[in-house]
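Heads up: the structure comes next, in structure tokens.
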Amino acid sequence: MRKIAYGLLFVSLIMVVAQCTLRKMEENKSSVSTTAELPELTKQQKAEGWQLLFNGQSLNGWQIFKSRENNTWEVIDGVLHCKALDETTTGVGDKRSDLMTTTQFDNFELYFEWKISVEGNSGVMFRVTENFDQPYYSGPEYQLMDDGGYPNETPDHLTGANYGMHAPVNARVKPLNEWNTTKLLVNKNHVEHWLNGTKVLEYELGSPEWIVTKNASKWKDAAGYGASATGHIVLQDHGSEIWFKNIMIKKLQ
């Protein structure tokens, strides 16, 4: 009888310890937030007229340029992510297309944060139309890239440039694992590029300087380049991995 009593006591102790361990595991699990940090406008930003272009949860408000096949854009933990190309696996980032807003904009101030992969190359285009085969045939591009991965690149191809047209000045990109901030201001024909709080470039669409520069560039035969007064904002899928967050816009009169 004594042996049976000891056995029952031992089993009871094991059950108590197991229940305590399970309870602690559940408490630890519940203490870890599984909710991603979502973008949110401050009261001041709302009062100033800012709107979120990306809600951190879905691709609502976005569509693929010309409705092409795509499997590269996804939302993870409140961040808009463009997948890297895995050449060894079918279906992982092998159908690449640019992502554009469903709404068109004319005059605006755009703000977003981004970081890019090693030797990454991307960009943000504006006033894009779907009248041409590629968005860059209509929309000028704020260039985003791993500048250090392209030591021989021309200045008008580096981060902050108006790609293929104007080189930035004093553009300082943060290390690859850190977030950069970009502001793109488009007000009628006046355009400003800002990077990490510094204005690195400004130009006038359609000005004599613009025309001369365009005619000497790769866009010389692109009749619609920079010509539209309104259009979509496009995030470029250039085959590289890139992350965006806190994408917001303020319309200008």
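Chain lettering (A, B, ...) mirrors the order of the structure tokens, residue numbering begins at 1 for each chain separately, and ligand numbering begins at 1 in order of display.
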
All helix (DSSP H, G or I) residues (DSSP, backbone) inside region 87-203 of chain A, as a list of chain:residue names
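The helix (DSSP H, G or I) residues within region 87-203 of chain A come out as A:Pro135, A:Tyr136, A:Tyr137, A:Asp147, A:Gly148, A:Gly149, A:Pro155, A:Asp156, A:His157.
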
Could you give me, as a Markdown table, every region 85-152 of chain A residue with an atom at most 12 Å from region 236-240 of chain A, plus its closest atom pair and distance in Å to one decimal, counting only C-alpha atoms, rows ordered by chain then number?
```
| residue | atom | partner | partner_atom | distance |
| --- | --- | --- | --- | --- |
| A:Leu85 | CA | A:Gly239 | CA | 6.4 |
| A:Asp86 | CA | A:Gly239 | CA | 10.1 |
| A:Glu87 | CA | A:Gly239 | CA | 11.1 |
| A:Val92 | CA | A:Gly239 | CA | 11.6 |
| A:Gly93 | CA | A:Gly239 | CA | 8.3 |
| A:Asp94 | CA | A:Gly239 | CA | 8.8 |
| A:Lys95 | CA | A:Gly239 | CA | 9.6 |
| A:Arg96 | CA | A:Asp237 | CA | 6.4 |
| A:Ser97 | CA | A:Asp237 | CA | 5.8 |
| A:Asp98 | CA | A:Gln236 | CA | 4.9 |
| A:Leu99 | CA | A:Gln236 | CA | 6.6 |
| A:Met100 | CA | A:Gln236 | CA | 8.5 |
| A:Thr101 | CA | A:Gln236 | CA | 11.8 |
| A:Lys115 | CA | A:Ser240 | CA | 11.3 |
| A:Ile116 | CA | A:Ser240 | CA | 8.0 |
| A:Ser117 | CA | A:Ser240 | CA | 7.0 |
| A:Val118 | CA | A:Ser240 | CA | 8.7 |
| A:Glu119 | CA | A:Ser240 | CA | 7.9 |
| A:Gly120 | CA | A:Ser240 | CA | 5.0 |
| A:Asn121 | CA | A:Ser240 | CA | 5.9 |
| A:Ser122 | CA | A:Gln236 | CA | 5.4 |
| A:Gly123 | CA | A:Gln236 | CA | 5.2 |
| A:Val124 | CA | A:Gln236 | CA | 6.1 |
| A:Met125 | CA | A:Gln236 | CA | 7.5 |
| A:Phe126 | CA | A:Gln236 | CA | 10.9 |
| A:Val128 | CA | A:Gln236 | CA | 11.6 |
| A:Gln134 | CA | A:Gln236 | CA | 10.4 |
| A:Pro135 | CA | A:Gln236 | CA | 8.7 |
| A:Tyr136 | CA | A:Gln236 | CA | 9.2 |
| A:Gly139 | CA | A:Gln236 | CA | 11.2 |
| A:Pro140 | CA | A:Gln236 | CA | 11.7 |
| A:Glu141 | CA | A:Gln236 | CA | 9.1 |
| A:Tyr142 | CA | A:Gln236 | CA | 10.1 |
| A:Gln143 | CA | A:Gln236 | CA | 9.5 |
| A:Leu144 | CA | A:Gln236 | CA | 9.4 |
| A:Met145 | CA | A:Ser240 | CA | 9.3 |
| A:Asp146 | CA | A:Ser240 | CA | 10.3 |
```

Using C-alpha atoms, can you export the residues from the last selection as a PDB file, in the first residue's frame?
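To be explicit, this is the file written out as selection_2.pdb:
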```pdb
ATOM      1  CA  LEU A  85      14.847  36.155 -57.634  1.00  0.00           C
ATOM      2  CA  ASP A  86      15.604  32.569 -56.667  1.00  0.00           C
ATOM      3  CA  GLU A  87      16.895  31.144 -59.921  1.00  0.00           C
ATOM      4  CA  VAL A  92       9.769  32.357 -56.220  1.00  0.00           C
ATOM      5  CA  GLY A  93      10.010  35.843 -57.671  1.00  0.00           C
ATOM      6  CA  ASP A  94      10.215  34.636 -61.264  1.00  0.00           C
ATOM      7  CA  LYS A  95       7.262  36.680 -62.598  1.00  0.00           C
ATOM      8  CA  ARG A  96       8.431  40.215 -62.122  1.00  0.00           C
ATOM      9  CA  SER A  97       6.337  43.332 -62.686  1.00  0.00           C
ATOM     10  CA  ASP A  98       6.136  46.893 -61.406  1.00  0.00           C
ATOM     11  CA  LEU A  99       3.615  47.891 -58.750  1.00  0.00           C
ATOM     12  CA  MET A 100       1.587  51.082 -59.183  1.00  0.00           C
ATOM     13  CA  THR A 101      -1.061  53.041 -57.335  1.00  0.00           C
ATOM     14  CA  LYS A 115      16.083  49.719 -47.683  1.00  0.00           C
ATOM     15  CA  ILE A 116      17.622  47.582 -50.396  1.00  0.00           C
ATOM     16  CA  SER A 117      19.629  44.397 -50.804  1.00  0.00           C
ATOM     17  CA  VAL A 118      23.267  43.989 -51.826  1.00  0.00           C
ATOM     18  CA  GLU A 119      23.687  45.216 -55.415  1.00  0.00           C
ATOM     19  CA  GLY A 120      19.978  46.042 -55.416  1.00  0.00           C
ATOM     20  CA  ASN A 121      18.452  48.355 -57.984  1.00  0.00           C
ATOM     21  CA  SER A 122      14.978  49.889 -57.938  1.00  0.00           C
ATOM     22  CA  GLY A 123      13.213  53.206 -58.196  1.00  0.00           C
ATOM     23  CA  VAL A 124      10.002  55.173 -57.831  1.00  0.00           C
ATOM     24  CA  MET A 125       8.407  56.688 -60.913  1.00  0.00           C
ATOM     25  CA  PHE A 126       5.711  59.350 -61.047  1.00  0.00           C
ATOM     26  CA  VAL A 128       3.188  57.188 -65.136  1.00  0.00           C
ATOM     27  CA  GLN A 134       7.107  50.181 -69.681  1.00  0.00           C
ATOM     28  CA  PRO A 135       6.372  52.762 -66.966  1.00  0.00           C
ATOM     29  CA  TYR A 136       9.727  54.495 -67.416  1.00  0.00           C
ATOM     30  CA  GLY A 139       7.393  58.506 -65.706  1.00  0.00           C
ATOM     31  CA  PRO A 140      10.644  60.082 -64.496  1.00  0.00           C
ATOM     32  CA  GLU A 141      12.329  57.908 -61.873  1.00  0.00           C
ATOM     33  CA  TYR A 142      13.708  58.679 -58.426  1.00  0.00           C
ATOM     34  CA  GLN A 143      16.532  56.133 -58.367  1.00  0.00           C
ATOM     35  CA  LEU A 144      17.021  53.736 -55.420  1.00  0.00           C
ATOM     36  CA  MET A 145      19.999  51.412 -55.306  1.00  0.00           C
ATOM     37  CA  ASP A 146      22.941  49.999 -53.418  1.00  0.00           C
TER      38      ASP A 146
END
```

Figure out the distance between CA of Phe108 (chain A) and CA of Gln253 (chain A), please, to one decimal in Å.
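Distance between the two atoms: 8.2 Å.
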
What lies within 7 Å of Asp147 (chain A) using only C-alpha atoms, ignoring chain neighbours under 2 positions off, as a VMD selection string?
chain A and resid 145 149 to 151 158 to 159

Selection above as a file: C-alpha atoms, as a PDB file, in the first residue's frame:
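Output (result_15.pdb):
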```
ATOM      1  CA  MET A 145      19.999  51.412 -55.306  1.00  0.00           C
ATOM      2  CA  GLY A 149      27.497  47.732 -55.150  1.00  0.00           C
ATOM      3  CA  TYR A 150      27.985  49.742 -58.357  1.00  0.00           C
ATOM      4  CA  PRO A 151      31.325  51.566 -57.977  1.00  0.00           C
ATOM      5  CA  LEU A 158      22.864  56.541 -58.282  1.00  0.00           C
ATOM      6  CA  THR A 159      20.392  56.897 -55.412  1.00  0.00           C
TER       7      THR A 159
END
```

Which residues in region 15-251 of chain A does DSSP call strand (DSSP E or B)? List them as a PyMOL selection string.
chain A and resi 50-52+62-64+73-76+79-82+99-101+105+108-116+121-128+141-145+162+166+180-187+190-195+198-204+231-235+242-251

Which neighbours of region 209-224 of chain A fall inside 7 Å, counting only C-alpha atoms, when residues of the same chain fewer than 5 positions from it are skipped, and could you give them as a PyMOL selection string?
chain A and resi 137-138+164-165+204

Closest atom pairs, region 146-239 of chain A residues within 12 Å of region 53-61 of chain A, only C-alpha atoms, as a Markdown table:
```
| residue | atom | partner | partner_atom | distance |
| --- | --- | --- | --- | --- |
| A:His232 | CA | A:Gly61 | CA | 11.1 |
| A:Ile233 | CA | A:Leu53 | CA | 10.1 |
| A:Val234 | CA | A:Leu53 | CA | 11.7 |
| A:Leu235 | CA | A:Leu53 | CA | 12.0 |
```

Mind pulling up the distance from CA of Gly231 (chain A) to CA of Glu130 (chain A)?
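Taking CA of Glu130 (chain A) as the start and CA of Gly231 (chain A) as the end point, the length is 8.9 Å.
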
In Å, how far is it from CA of Leu38 (chain A) to CA of Lys245 (chain A)?
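These two atoms are separated by 9.1 Å.
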
Need to verify the contact set: Lys183 (chain A), 7 Å, only C-alpha atoms, exclusion of same-chain residues closer than 2 positions in sequence. Can you return it as a list in words?
Glu109, Leu110, Tyr111, Phe112, Thr181, Leu185, His193, Trp194 and Leu195 of chain A

So that I can see what lies close to Trp50 (chain A), please list as a ChimeraX atom specification the residues with an atom at most 9 Å from it, counting only C-alpha atoms and leaving out residues fewer than 2 positions away in the same chain.
/A:41,44-48,52,109,248-251

Go ahead and write the selection's residues with C-alpha atoms as a compact mmCIF listing (two decimals), in the first residue's frame.
```txt
# COMPACT_ATOMS: atom_id res chain seq x y z
CA LEU A 41 -0.70 59.14 -39.37
CA GLN A 44 -0.79 66.85 -37.31
CA GLN A 45 -0.18 64.83 -40.49
CA LYS A 46 -3.90 64.30 -40.95
CA ALA A 47 -4.52 68.00 -40.44
CA GLU A 48 -1.89 68.77 -43.08
CA LEU A 52 -1.45 56.61 -46.34
CA GLU A 109 4.50 65.45 -51.83
CA MET A 248 2.25 58.44 -47.56
CA ILE A 249 1.22 61.29 -49.84
CA LYS A 250 -0.07 64.84 -49.55
CA LYS A 251 -1.86 66.34 -52.51
```
